[in-house]
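This is query15.json (JSON, C-alpha atoms).
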```json
[["chain", "number", "residue", "atom", "x", "y", "z"],
["A", 19, "MET", "CA", 68.43, 88.14, 187.90],
["A", 20, "GLY", "CA", 68.01, 90.59, 190.76],
["A", 21, "ALA", "CA", 64.57, 91.61, 189.49],
["A", 22, "GLU", "CA", 61.54, 92.06, 191.75],
["A", 23, "LEU", "CA", 59.43, 89.17, 192.98],
["A", 24, "ARG", "CA", 56.21, 90.39, 194.60],
["A", 25, "TYR", "CA", 54.14, 88.07, 196.77],
["A", 26, "ASN", "CA", 51.27, 88.21, 199.29],
["A", 27, "THR", "CA", 50.13, 91.43, 197.59],
["A", 28, "SER", "CA", 52.62, 93.80, 199.20],
["A", 29, "ASN", "CA", 55.76, 91.85, 200.10],
["A", 30, "VAL", "CA", 58.80, 91.91, 197.86],
["A", 31, "CYS", "CA", 61.94, 89.89, 197.33],
["A", 32, "SER", "CA", 64.37, 89.47, 194.45],
["A", 33, "ALA", "CA", 64.98, 86.83, 191.81],
["A", 34, "GLY", "CA", 68.05, 84.69, 192.40],
["A", 35, "VAL", "CA", 69.60, 82.32, 189.88],
["A", 36, "PRO", "CA", 68.29, 79.62, 187.52],
["A", 37, "ILE", "CA", 68.71, 76.09, 188.90],
["A", 38, "THR", "CA", 68.20, 72.97, 186.82],
["A", 39, "THR", "CA", 67.16, 69.69, 188.39],
["A", 40, "ASN", "CA", 66.06, 66.61, 186.47],
["A", 41, "GLY", "CA", 66.18, 68.55, 183.22],
["A", 42, "THR", "CA", 63.88, 71.38, 184.35],
["A", 43, "ARG", "CA", 65.08, 74.94, 184.90],
["A", 44, "ARG", "CA", 63.55, 76.74, 187.86],
["A", 45, "LEU", "CA", 64.37, 79.93, 189.77],
["A", 46, "LEU", "CA", 66.10, 80.06, 193.14],
["A", 47, "THR", "CA", 65.11, 82.72, 195.66],
["A", 48, "ALA", "CA", 65.05, 83.06, 199.42],
["A", 49, "GLY", "CA", 62.92, 80.57, 201.33],
["A", 50, "HIS", "CA", 61.76, 83.25, 203.76],
["A", 51, "CYS", "CA", 59.95, 84.92, 200.85],
["A", 52, "THR", "CA", 56.98, 82.90, 201.96],
["A", 53, "GLY", "CA", 54.44, 83.45, 199.23],
["A", 54, "SER", "CA", 53.32, 80.75, 196.86],
["A", 55, "THR", "CA", 52.76, 82.92, 193.78],
["A", 56, "PHE", "CA", 55.27, 85.52, 192.62],
["A", 57, "THR", "CA", 54.69, 88.41, 190.22],
["A", 58, "ASN", "CA", 56.82, 90.98, 188.43],
["A", 59, "ASN", "CA", 55.17, 94.09, 187.01],
["A", 60, "GLY", "CA", 51.80, 92.43, 187.48],
["A", 61, "ASN", "CA", 52.68, 89.24, 185.65],
["A", 62, "VAL", "CA", 52.95, 85.87, 187.38],
["A", 63, "VAL", "CA", 56.54, 84.70, 186.96],
["A", 64, "GLY", "CA", 56.46, 81.64, 189.17],
["A", 65, "THR", "CA", 54.81, 79.51, 191.79],
["A", 66, "THR", "CA", 56.55, 77.59, 194.54],
["A", 67, "TYR", "CA", 57.93, 74.22, 193.47],
["A", 68, "THR", "CA", 59.66, 73.36, 196.74],
["A", 69, "THR", "CA", 61.10, 75.17, 199.74],
["A", 70, "ALA", "CA", 63.65, 74.38, 202.42],
["A", 71, "TYR", "CA", 62.23, 77.10, 204.68],
["A", 72, "PRO", "CA", 61.42, 76.97, 207.50],
["A", 73, "GLY", "CA", 61.26, 73.27, 208.29],
["A", 74, "ASN", "CA", 64.49, 72.16, 206.65],
["A", 75, "ALA", "CA", 66.46, 75.41, 206.67],
["A", 76, "HIS", "CA", 68.68, 74.05, 209.44],
["A", 77, "ILE", "CA", 69.68, 71.27, 207.04],
["A", 78, "TYR", "CA", 69.67, 72.81, 203.56],
["A", 79, "GLY", "CA", 69.62, 76.56, 204.16],
["A", 80, "ASP", "CA", 67.18, 79.36, 203.38],
["A", 81, "TRP", "CA", 66.02, 78.94, 199.79],
["A", 82, "LYS", "CA", 63.10, 77.92, 197.61],
["A", 83, "LEU", "CA", 62.59, 77.06, 193.95],
["A", 84, "ILE", "CA", 59.80, 78.58, 191.90],
["A", 85, "GLN", "CA", 58.70, 77.49, 188.46],
["A", 86, "GLY", "CA", 56.41, 78.45, 185.60],
["A", 87, "SER", "CA", 58.42, 80.85, 183.48],
["A", 88, "THR", "CA", 61.68, 81.09, 181.57],
["A", 89, "TYR", "CA", 64.58, 82.36, 183.65],
["A", 90, "GLY", "CA", 67.65, 83.94, 182.09],
["A", 91, "MET", "CA", 71.25, 83.21, 182.94],
["A", 92, "ARG", "CA", 72.03, 86.87, 183.53],
["A", 93, "VAL", "CA", 72.45, 89.26, 186.45],
["A", 94, "PHE", "CA", 71.34, 92.89, 186.44],
["A", 95, "ASN", "CA", 74.39, 94.98, 187.25],
["A", 96, "GLY", "CA", 73.37, 98.56, 186.47],
["A", 97, "ILE", "CA", 71.68, 101.28, 188.48],
["A", 98, "MET", "CA", 68.02, 100.95, 189.47],
["A", 99, "SER", "CA", 65.69, 100.42, 186.48],
["A", 100, "SER", "CA", 68.67, 99.96, 184.17],
["A", 101, "ASN", "CA", 68.63, 96.96, 181.87],
["A", 102, "ASP", "CA", 72.41, 96.49, 182.09],
["A", 103, "ASN", "CA", 73.26, 92.89, 182.80],
["A", 104, "LEU", "CA", 76.08, 90.36, 182.79],
["A", 105, "PRO", "CA", 76.06, 86.67, 181.86],
["A", 106, "ILE", "CA", 76.29, 84.03, 184.55],
["A", 107, "SER", "CA", 79.28, 81.96, 183.46],
["A", 108, "GLY", "CA", 79.65, 79.62, 186.41],
["A", 109, "ALA", "CA", 78.79, 78.74, 189.97],
["A", 110, "ASN", "CA", 80.62, 78.23, 193.22],
["A", 111, "TYR", "CA", 78.87, 75.60, 195.33],
["A", 112, "GLY", "CA", 81.23, 76.02, 198.27],
["A", 113, "GLY", "CA", 82.39, 78.81, 200.55],
["A", 114, "ARG", "CA", 84.63, 81.73, 199.63],
["A", 115, "PRO", "CA", 87.97, 82.57, 201.25],
["A", 116, "ASN", "CA", 87.94, 85.28, 203.88],
["A", 117, "GLY", "CA", 88.89, 88.69, 202.57],
["A", 118, "LEU", "CA", 87.64, 88.13, 199.03],
["A", 119, "GLN", "CA", 84.83, 90.20, 197.60],
["A", 120, "ILE", "CA", 81.21, 89.62, 196.66],
["A", 121, "CYS", "CA", 78.64, 91.68, 194.74],
["A", 122, "VAL", "CA", 74.87, 91.36, 195.06],
["A", 123, "SER", "CA", 71.93, 92.42, 192.90],
["A", 124, "GLY", "CA", 68.44, 93.13, 194.18],
["A", 125, "ARG", "CA", 65.21, 95.01, 193.45],
["A", 126, "THR", "CA", 65.79, 97.65, 196.18],
["A", 127, "THR", "CA", 69.46, 98.63, 195.86],
["A", 128, "ALA", "CA", 70.28, 97.24, 192.38],
["A", 129, "GLN", "CA", 73.90, 96.07, 192.21],
["A", 130, "THR", "CA", 76.14, 96.71, 195.20],
["A", 131, "CYS", "CA", 79.70, 95.44, 195.51],
["A", 132, "ARG", "CA", 82.58, 95.58, 197.98],
["A", 133, "TYR", "CA", 81.23, 93.01, 200.40],
["A", 134, "PHE", "CA", 84.18, 91.26, 202.07],
["A", 135, "VAL", "CA", 83.82, 87.66, 203.23],
["A", 136, "THR", "CA", 84.55, 86.97, 206.90],
["A", 137, "GLY", "CA", 83.17, 83.45, 207.18],
["A", 138, "SER", "CA", 81.71, 80.51, 205.23],
["A", 139, "TYR", "CA", 79.52, 77.53, 206.15],
["A", 140, "GLU", "CA", 77.97, 79.42, 209.06],
["A", 141, "THR", "CA", 74.52, 79.00, 210.50],
["A", 142, "PHE", "CA", 72.44, 82.15, 211.03],
["A", 143, "THR", "CA", 69.29, 82.33, 213.13],
["A", 144, "VAL", "CA", 66.48, 84.80, 212.42],
["A", 145, "ASN", "CA", 63.12, 84.77, 214.22],
["A", 146, "GLY", "CA", 63.91, 81.34, 215.66],
["A", 147, "VAL", "CA", 64.66, 79.74, 212.28],
["A", 148, "THR", "CA", 68.23, 78.52, 211.87],
["A", 149, "ALA", "CA", 69.60, 78.43, 208.33],
["A", 150, "ASN", "CA", 72.70, 76.48, 207.37],
["A", 151, "TYR", "CA", 75.38, 77.27, 204.79],
["A", 152, "GLN", "CA", 75.77, 81.00, 205.11],
["A", 153, "LEU", "CA", 78.48, 83.36, 203.89],
["A", 154, "ARG", "CA", 79.16, 86.14, 206.40],
["A", 155, "MET", "CA", 80.39, 89.49, 205.10],
["A", 156, "TYR", "CA", 80.85, 93.16, 205.88],
["A", 157, "HIS", "CA", 80.46, 96.00, 203.39],
["A", 158, "ASP", "CA", 83.21, 98.57, 202.85],
["A", 159, "GLY", "CA", 81.98, 100.91, 200.14],
["A", 160, "ASP", "CA", 84.82, 103.44, 200.41],
["A", 161, "LEU", "CA", 87.54, 100.82, 200.89],
["A", 162, "ASP", "CA", 88.84, 102.50, 204.04],
["A", 163, "GLY", "CA", 89.25, 99.15, 205.74],
["A", 164, "TYR", "CA", 86.21, 99.52, 207.97],
["A", 165, "GLY", "CA", 82.76, 98.04, 207.57],
["A", 166, "ASP", "CA", 79.85, 100.41, 206.94],
["A", 167, "ARG", "CA", 76.03, 100.42, 206.73],
["A", 168, "SER", "CA", 75.60, 101.13, 203.02],
["A", 169, "GLY", "CA", 75.02, 97.62, 201.66],
["A", 170, "TRP", "CA", 71.80, 96.01, 200.51],
["A", 171, "GLU", "CA", 68.37, 96.88, 201.92],
["A", 172, "SER", "CA", 65.07, 95.14, 202.65],
["A", 173, "GLY", "CA", 63.55, 93.64, 199.51],
["A", 174, "ASP", "CA", 66.87, 92.40, 198.15],
["A", 175, "SER", "CA", 66.37, 88.96, 199.72],
["A", 176, "GLY", "CA", 66.83, 86.20, 197.21],
["A", 177, "GLY", "CA", 68.96, 88.24, 194.81],
["A", 178, "PRO", "CA", 72.20, 86.70, 193.58],
["A", 179, "CYS", "CA", 75.55, 86.95, 195.41],
["A", 180, "TYR", "CA", 78.38, 86.69, 192.90],
["A", 181, "TYR", "CA", 81.84, 87.74, 191.79],
["A", 182, "SER", "CA", 83.59, 88.44, 188.52],
["A", 183, "ASP", "CA", 84.97, 85.60, 186.43],
["A", 184, "GLY", "CA", 87.59, 87.98, 185.04],
["A", 185, "SER", "CA", 86.20, 87.68, 181.52],
["A", 186, "GLY", "CA", 83.06, 89.79, 181.58],
["A", 187, "GLY", "CA", 80.82, 87.25, 183.28],
["A", 188, "VAL", "CA", 79.95, 86.42, 186.87],
["A", 189, "ILE", "CA", 80.21, 83.36, 189.07],
["A", 190, "VAL", "CA", 77.30, 83.02, 191.46],
["A", 191, "ASN", "CA", 77.99, 81.89, 195.00],
["A", 192, "GLY", "CA", 74.60, 82.23, 196.67],
["A", 193, "ILE", "CA", 71.55, 84.41, 197.29],
["A", 194, "VAL", "CA", 70.83, 87.26, 199.72],
["A", 195, "LYS", "CA", 69.64, 86.15, 203.16],
["A", 196, "GLY", "CA", 69.71, 88.89, 205.81],
["A", 197, "ARG", "CA", 71.59, 91.20, 208.13],
["A", 198, "ILE", "CA", 72.58, 91.93, 211.69],
["A", 199, "THR", "CA", 72.12, 95.66, 212.20],
["A", 200, "PRO", "CA", 73.66, 97.06, 215.39],
["A", 201, "THR", "CA", 72.58, 100.44, 216.75],
["A", 202, "THR", "CA", 75.82, 101.90, 215.51],
["A", 203, "GLY", "CA", 78.71, 100.57, 213.49],
["A", 204, "ALA", "CA", 79.02, 98.11, 210.65],
["A", 205, "ILE", "CA", 76.22, 95.84, 209.52],
["A", 206, "THR", "CA", 76.92, 92.11, 209.10],
["A", 207, "TYR", "CA", 75.50, 90.64, 205.89],
["A", 208, "TYR", "CA", 74.64, 87.02, 205.09],
["A", 209, "CYS", "CA", 74.24, 85.22, 201.76],
["A", 210, "SER", "CA", 72.89, 81.65, 201.58],
["A", 211, "GLN", "CA", 75.51, 79.56, 199.80],
["A", 212, "LEU", "CA", 74.53, 77.32, 196.88],
["A", 213, "THR", "CA", 76.03, 74.54, 198.98],
["A", 214, "GLY", "CA", 72.65, 73.85, 200.54],
["A", 215, "VAL", "CA", 70.94, 73.34, 197.18],
["A", 216, "ARG", "CA", 73.60, 70.81, 196.21],
["A", 217, "TYR", "CA", 73.18, 69.08, 199.58],
["A", 218, "TRP", "CA", 69.45, 68.73, 198.82],
["A", 219, "ASP", "CA", 70.08, 67.45, 195.29],
["A", 220, "ALA", "CA", 73.64, 66.57, 194.31],
["A", 221, "SER", "CA", 72.74, 66.81, 190.63],
["A", 222, "ALA", "CA", 71.30, 70.34, 190.82],
["A", 223, "TYR", "CA", 73.26, 72.98, 188.96],
["A", 224, "VAL", "CA", 73.13, 76.64, 187.99],
["A", 225, "GLY", "CA", 71.96, 76.68, 184.39],
["B", 19, "MET", "CA", 93.75, 76.42, 222.65],
["B", 20, "GLN", "CA", 94.67, 73.36, 220.62],
["B", 21, "PHE", "CA", 97.11, 75.02, 218.25],
["B", 22, "GLN", "CA", 100.64, 73.82, 218.16],
["B", 23, "ASP", "CA", 103.32, 76.38, 217.59],
["B", 24, "ARG", "CA", 104.16, 77.02, 214.00],
["B", 25, "ARG", "CA", 106.61, 74.43, 212.78],
["B", 26, "GLU", "CA", 109.16, 75.46, 210.24],
["B", 27, "ILE", "CA", 110.00, 72.89, 207.58],
["B", 28, "PRO", "CA", 113.05, 74.43, 205.88],
["B", 29, "ASP", "CA", 113.82, 71.49, 203.64],
["B", 30, "HIS", "CA", 110.31, 71.13, 202.29],
["B", 31, "VAL", "CA", 110.58, 71.54, 198.53],
["B", 32, "GLU", "CA", 107.67, 70.89, 196.23],
["B", 33, "ILE", "CA", 107.68, 70.71, 192.47],
["B", 34, "GLY", "CA", 106.71, 73.72, 190.39],
["B", 35, "ARG", "CA", 106.46, 76.92, 192.28],
["B", 36, "ALA", "CA", 108.69, 75.88, 195.15],
["B", 37, "GLU", "CA", 111.45, 74.89, 192.73],
["B", 38, "THR", "CA", 111.17, 78.31, 191.14],
["B", 39, "TYR", "CA", 111.48, 79.91, 194.56],
["B", 40, "PRO", "CA", 113.59, 77.41, 196.54],
["B", 41, "ALA", "CA", 114.02, 79.76, 199.47],
["B", 42, "GLN", "CA", 110.30, 79.55, 200.27],
["B", 43, "THR", "CA", 109.59, 78.39, 203.78],
["B", 44, "LEU", "CA", 106.43, 76.48, 204.50],
["B", 45, "TYR", "CA", 104.60, 77.08, 207.76],
["B", 46, "VAL", "CA", 101.91, 74.74, 208.94],
["B", 47, "SER", "CA", 99.48, 74.99, 211.83],
["B", 48, "GLU", "CA", 97.66, 72.03, 213.27],
["B", 49, "VAL", "CA", 93.99, 72.64, 213.99],
["B", 50, "GLY", "CA", 91.65, 70.75, 216.27],
["B", 51, "ALA", "CA", 89.08, 69.72, 213.68],
["B", 52, "SER", "CA", 88.50, 69.55, 209.95],
["B", 53, "LEU", "CA", 86.08, 71.86, 208.17],
["B", 54, "SER", "CA", 83.46, 69.13, 207.84],
["B", 55, "GLU", "CA", 83.78, 68.35, 211.55],
["B", 56, "LEU", "CA", 83.37, 72.02, 212.42],
["B", 57, "ILE", "CA", 80.23, 72.25, 210.28],
["B", 58, "ASP", "CA", 78.83, 69.18, 212.04],
["B", 59, "LEU", "CA", 79.67, 70.68, 215.44],
["B", 60, "SER", "CA", 77.87, 73.89, 214.48],
["B", 61, "SER", "CA", 74.76, 71.94, 213.52],
["B", 62, "GLN", "CA", 74.88, 69.81, 216.66],
["B", 63, "THR", "CA", 75.18, 72.89, 218.83],
["B", 64, "MET", "CA", 72.23, 74.58, 217.16],
["B", 65, "ALA", "CA", 70.16, 71.40, 217.48],
["B", 66, "ASP", "CA", 70.54, 71.53, 221.26],
["B", 67, "ALA", "CA", 67.91, 73.95, 222.49],
["B", 68, "ALA", "CA", 69.76, 74.81, 225.69],
["B", 69, "ALA", "CA", 73.07, 75.43, 224.00],
["B", 70, "ALA", "CA", 71.54, 77.24, 221.03],
["B", 71, "ARG", "CA", 69.56, 79.74, 223.09],
["B", 72, "GLY", "CA", 70.76, 83.22, 222.29],
["B", 73, "ILE", "CA", 73.17, 82.12, 219.55],
["B", 74, "VAL", "CA", 72.69, 84.28, 216.46],
["B", 75, "SER", "CA", 75.39, 82.70, 214.32],
["B", 76, "ILE", "CA", 77.93, 79.94, 214.56],
["B", 77, "GLY", "CA", 80.46, 78.57, 212.12],
["B", 78, "PRO", "CA", 84.05, 77.61, 211.31],
["B", 79, "ASP", "CA", 86.59, 80.23, 212.34],
["B", 80, "VAL", "CA", 89.79, 80.52, 210.33],
["B", 81, "THR", "CA", 91.22, 82.83, 212.98],
["B", 82, "THR", "CA", 91.36, 80.13, 215.65],
["B", 83, "GLY", "CA", 90.75, 76.90, 213.76],
["B", 84, "GLY", "CA", 87.68, 76.42, 215.95],
["B", 85, "LEU", "CA", 84.22, 77.94, 215.98],
["B", 86, "HIS", "CA", 83.09, 81.55, 215.92],
["B", 87, "ILE", "CA", 79.91, 82.13, 217.91],
["B", 88, "GLY", "CA", 77.85, 85.32, 217.68],
["B", 89, "TYR", "CA", 75.44, 85.69, 220.59],
["B", 90, "ASP", "CA", 72.54, 87.99, 221.35],
["B", 91, "ARG", "CA", 73.67, 90.55, 223.92],
["B", 92, "LYS", "CA", 70.09, 90.90, 225.16],
["B", 93, "ILE", "CA", 70.02, 87.24, 226.23],
["B", 94, "TRP", "CA", 73.59, 86.73, 227.40],
["B", 95, "SER", "CA", 75.15, 89.66, 229.16],
["B", 96, "SER", "CA", 78.60, 88.12, 229.09],
["B", 97, "GLU", "CA", 80.60, 85.60, 227.13],
["B", 98, "ALA", "CA", 81.25, 83.64, 230.32],
["B", 99, "GLU", "CA", 77.56, 82.84, 230.81],
["B", 100, "LEU", "CA", 77.22, 81.34, 227.35],
["B", 101, "ARG", "CA", 80.61, 79.62, 227.41],
["B", 102, "ALA", "CA", 79.53, 77.66, 230.47],
["B", 103, "ARG", "CA", 76.77, 76.01, 228.43],
["B", 104, "ILE", "CA", 78.80, 75.24, 225.36],
["B", 105, "PRO", "CA", 81.88, 73.07, 226.06],
["B", 106, "GLU", "CA", 80.29, 69.63, 226.07],
["B", 107, "HIS", "CA", 78.84, 70.26, 222.63],
["B", 108, "VAL", "CA", 82.00, 71.26, 220.86],
["B", 109, "LYS", "CA", 84.36, 68.35, 221.05],
["B", 110, "THR", "CA", 85.61, 66.62, 217.95],
["B", 111, "PRO", "CA", 84.78, 62.93, 217.34],
["B", 112, "ARG", "CA", 88.19, 62.22, 218.89],
["B", 113, "GLY", "CA", 87.13, 64.00, 222.07],
["B", 114, "LYS", "CA", 89.31, 66.99, 221.49],
["B", 115, "GLN", "CA", 88.15, 70.39, 222.69],
["B", 116, "ILE", "CA", 88.33, 73.10, 220.04],
["B", 117, "PRO", "CA", 88.86, 76.84, 220.40],
["B", 118, "LEU", "CA", 85.81, 79.07, 220.66],
["B", 119, "ARG", "CA", 85.69, 82.75, 219.75],
["B", 120, "PHE", "CA", 82.67, 84.78, 220.90],
["B", 121, "THR", "CA", 81.24, 88.03, 219.55],
["B", 122, "GLN", "CA", 78.34, 90.02, 220.93],
["B", 123, "GLU", "CA", 75.65, 90.57, 218.30],
["B", 124, "GLU", "CA", 72.16, 91.94, 217.89],
["B", 125, "MET", "CA", 69.25, 89.88, 216.64],
["B", 126, "GLY", "CA", 69.33, 89.13, 212.92],
["B", 127, "GLU", "CA", 66.70, 89.98, 210.33],
["B", 128, "ASN", "CA", 65.79, 88.71, 206.89],
["B", 129, "SER", "CA", 66.08, 91.20, 204.03],
["B", 130, "THR", "CA", 62.49, 91.05, 202.81],
["B", 131, "ARG", "CA", 60.13, 93.98, 202.60]]
```
Please express the file's structure as structure tokens.
Amino acid sequence: MGAELRYNTSNVCSAGVPITTNGTRRLLTAGHCTGSTFTNNGNVVGTTYTTAYPGNAHIYGDWKLIQGSTYGMRVFNGIMSSNDNLPISGANYGGRPNGLQICVSGRTTAQTCRYFVTGSYETFTVNGVTANYQLRMYHDGDLDGYGDRSGWESGDSGGPCYYSDGSGGVIVNGIVKGRITPTTGAITYYCSQLTGVRYWDASAYVG
Amino acid sequence: MQFQDRREIPDHVEIGRAETYPAQTLYVSEVGASLSELIDLSSQTMADAAAARGIVSIGPDVTTGGLHIGYDRKIWSSEAELRARIPEHVKTPRGKQIPLRFTQEEMGENSTR
């Protein structure tokens, strides 16, 4: 996952992670990707099944489920247009301790890593819509101890936020939400935790 | 601030790791509210239109054991202005005030294109 999802003709987001509810596998992406039909390379890869955004984002977070295709349990982790990928081996439905790292994968910046968690279970308001269950992070690409501005870009919304399982796979923790971009200095990044999906349906799982 | 000073418990020995390293000292800090209470307080604050105005982000803060609040600098020119609206909304179910940490922010944006 991390591949392009195009909607409303010219808008783009990224594919998140497969979620199974009641025996059916669907695809999680950002709720603020507001289209109803999503394409990749001209092919329809899903239509909206349900969405928490905007009406219930303050309860469940910023996500939606689309359906209508098969969705693989893998994350693209190479450079742009590469087919390199890693298996999704597990999921974290909670927060992540401050100081630990996250990677993300999206259609604009491919895989980027070295995001450092600074908060979990936050709410984040964009354009008047408050979304619950957010991971807050900064990006430190050169590991100099200071946040920078070289993390993900527009279009990566919905892509998976994850970390290594130590055995060649990844554990997904959420999907890309948004940013706070000051005039100068470090950007603050937010991922929607999977917590909100579980709050909506306690039996939902990544798989 | 609702923290108590760190309390040293020199004779606290647990099984396993602590037996391997018996000289370990355990420090504990008491916080004003549990994580679930802090999440509820965040939601309650954001549900109050007056209190939520200008708040970009809010959530549990491991630095203080309370809440971290990011506010839009274009709406609130100072922390004091916003703080004056907040206190009644951030008490625990036991009526305890919790620490608040404020940060000036810009408006947020979603990462769509």
Could you list the residues in chain A lying within 6 Å of chain B, using all atoms listed in the file, and format the result as a ChimeraX atom specification?
/A:29-31,140-144,172-173,175,195-198,200
One residue among A:Ser54, A:Gln129, A:Ser99, A:Thr65 is nearest to Trp170 of chain A when using all atoms listed in the file, and that residue is A:Gln129
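One distance worth recording is that between atom CA of Asp80 of chain A and atom CA of Leu212 of chain A, which is 10.0 Å.
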Quick one: pull the distance between atom CA of Thr121 of chain B and atom CA of Gly203 of chain A, Å, one decimal.
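Separating atom CA of Thr121 of chain B from atom CA of Gly203 of chain A is a distance of 14.2 Å.
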Separating atom CA of Tyr151 of chain A from atom CA of Ile193 of chain A, to the nearest tenth of an Å, is a gap of 11.0 Å
With distances taken over only C-alpha atoms, the candidate from A:Ser221, A:Gln211, A:Thr27, A:Gln85 nearest Ala149 of chain A is A:Gln211
May I have the residues within 10 Å of Met91 of chain A as a PyMOL selection string, using all atoms listed in the file and disregarding those fewer than 6 positions away in the same chain?
chain A and resi 19+35-37+103-108+224-225
Build an axis-aligned box that encloses every atom of segment 146-152 of chain A listed in the file, pad it by 8 Å on each side, and report its centre and edge lengths in Å to one decimal, as JSON.
```
{"center_x": 69.8, "center_y": 78.9, "center_z": 210.2, "size_x": 27.9, "size_y": 20.9, "size_z": 26.9}
```
Nearby residues (only C-alpha atoms) at most 9 Å from segment 112-128 of chain A, same-chain spacing under 5 positions excluded, as a ChimeraX atom specification
/A:19-23,30-34,93-100,133-139,151-153,155,169-182,191,193-194,211-213 /B:80
Given the point (60.7, 80.7, 195.8) in the coordinates of this file, which residues lie within 8 Å, counting all atoms listed in the file, and how would they look as a VMD selection string?
chain A and resid 45 to 49 51 to 54 56 64 to 69 81 to 84
Pick from B:Gly113, B:Ala68, B:Phe120, B:Gly84 nearest to Glu48 of chain B, counting all atoms listed in the file
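Between B:Gly113, B:Ala68, B:Phe120, B:Gly84, the residue approaching Glu48 of chain B most closely is B:Gly84.
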For Thr63 of chain B, the closest of A:Tyr71, A:Thr88, A:Thr148, A:Arg216 counting all atoms listed in the file is A:Thr148
Counting all atoms listed in the file, which residue out of A:Ala70, A:Arg44, A:Asn150, A:Val62 sits closest to Gln62 of chain B?
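Smallest distance to Gln62 of chain B is found for A:Asn150.
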Within 9 Å of Lys114 of chain B, counting only C-alpha atoms, which residues show up once you throw out same-chain ones fewer than 3 positions away? Write them as a list in words, please.
Gln20, Gly50, Ala51, Val108, Lys109, Thr110 and Pro111 of chain B
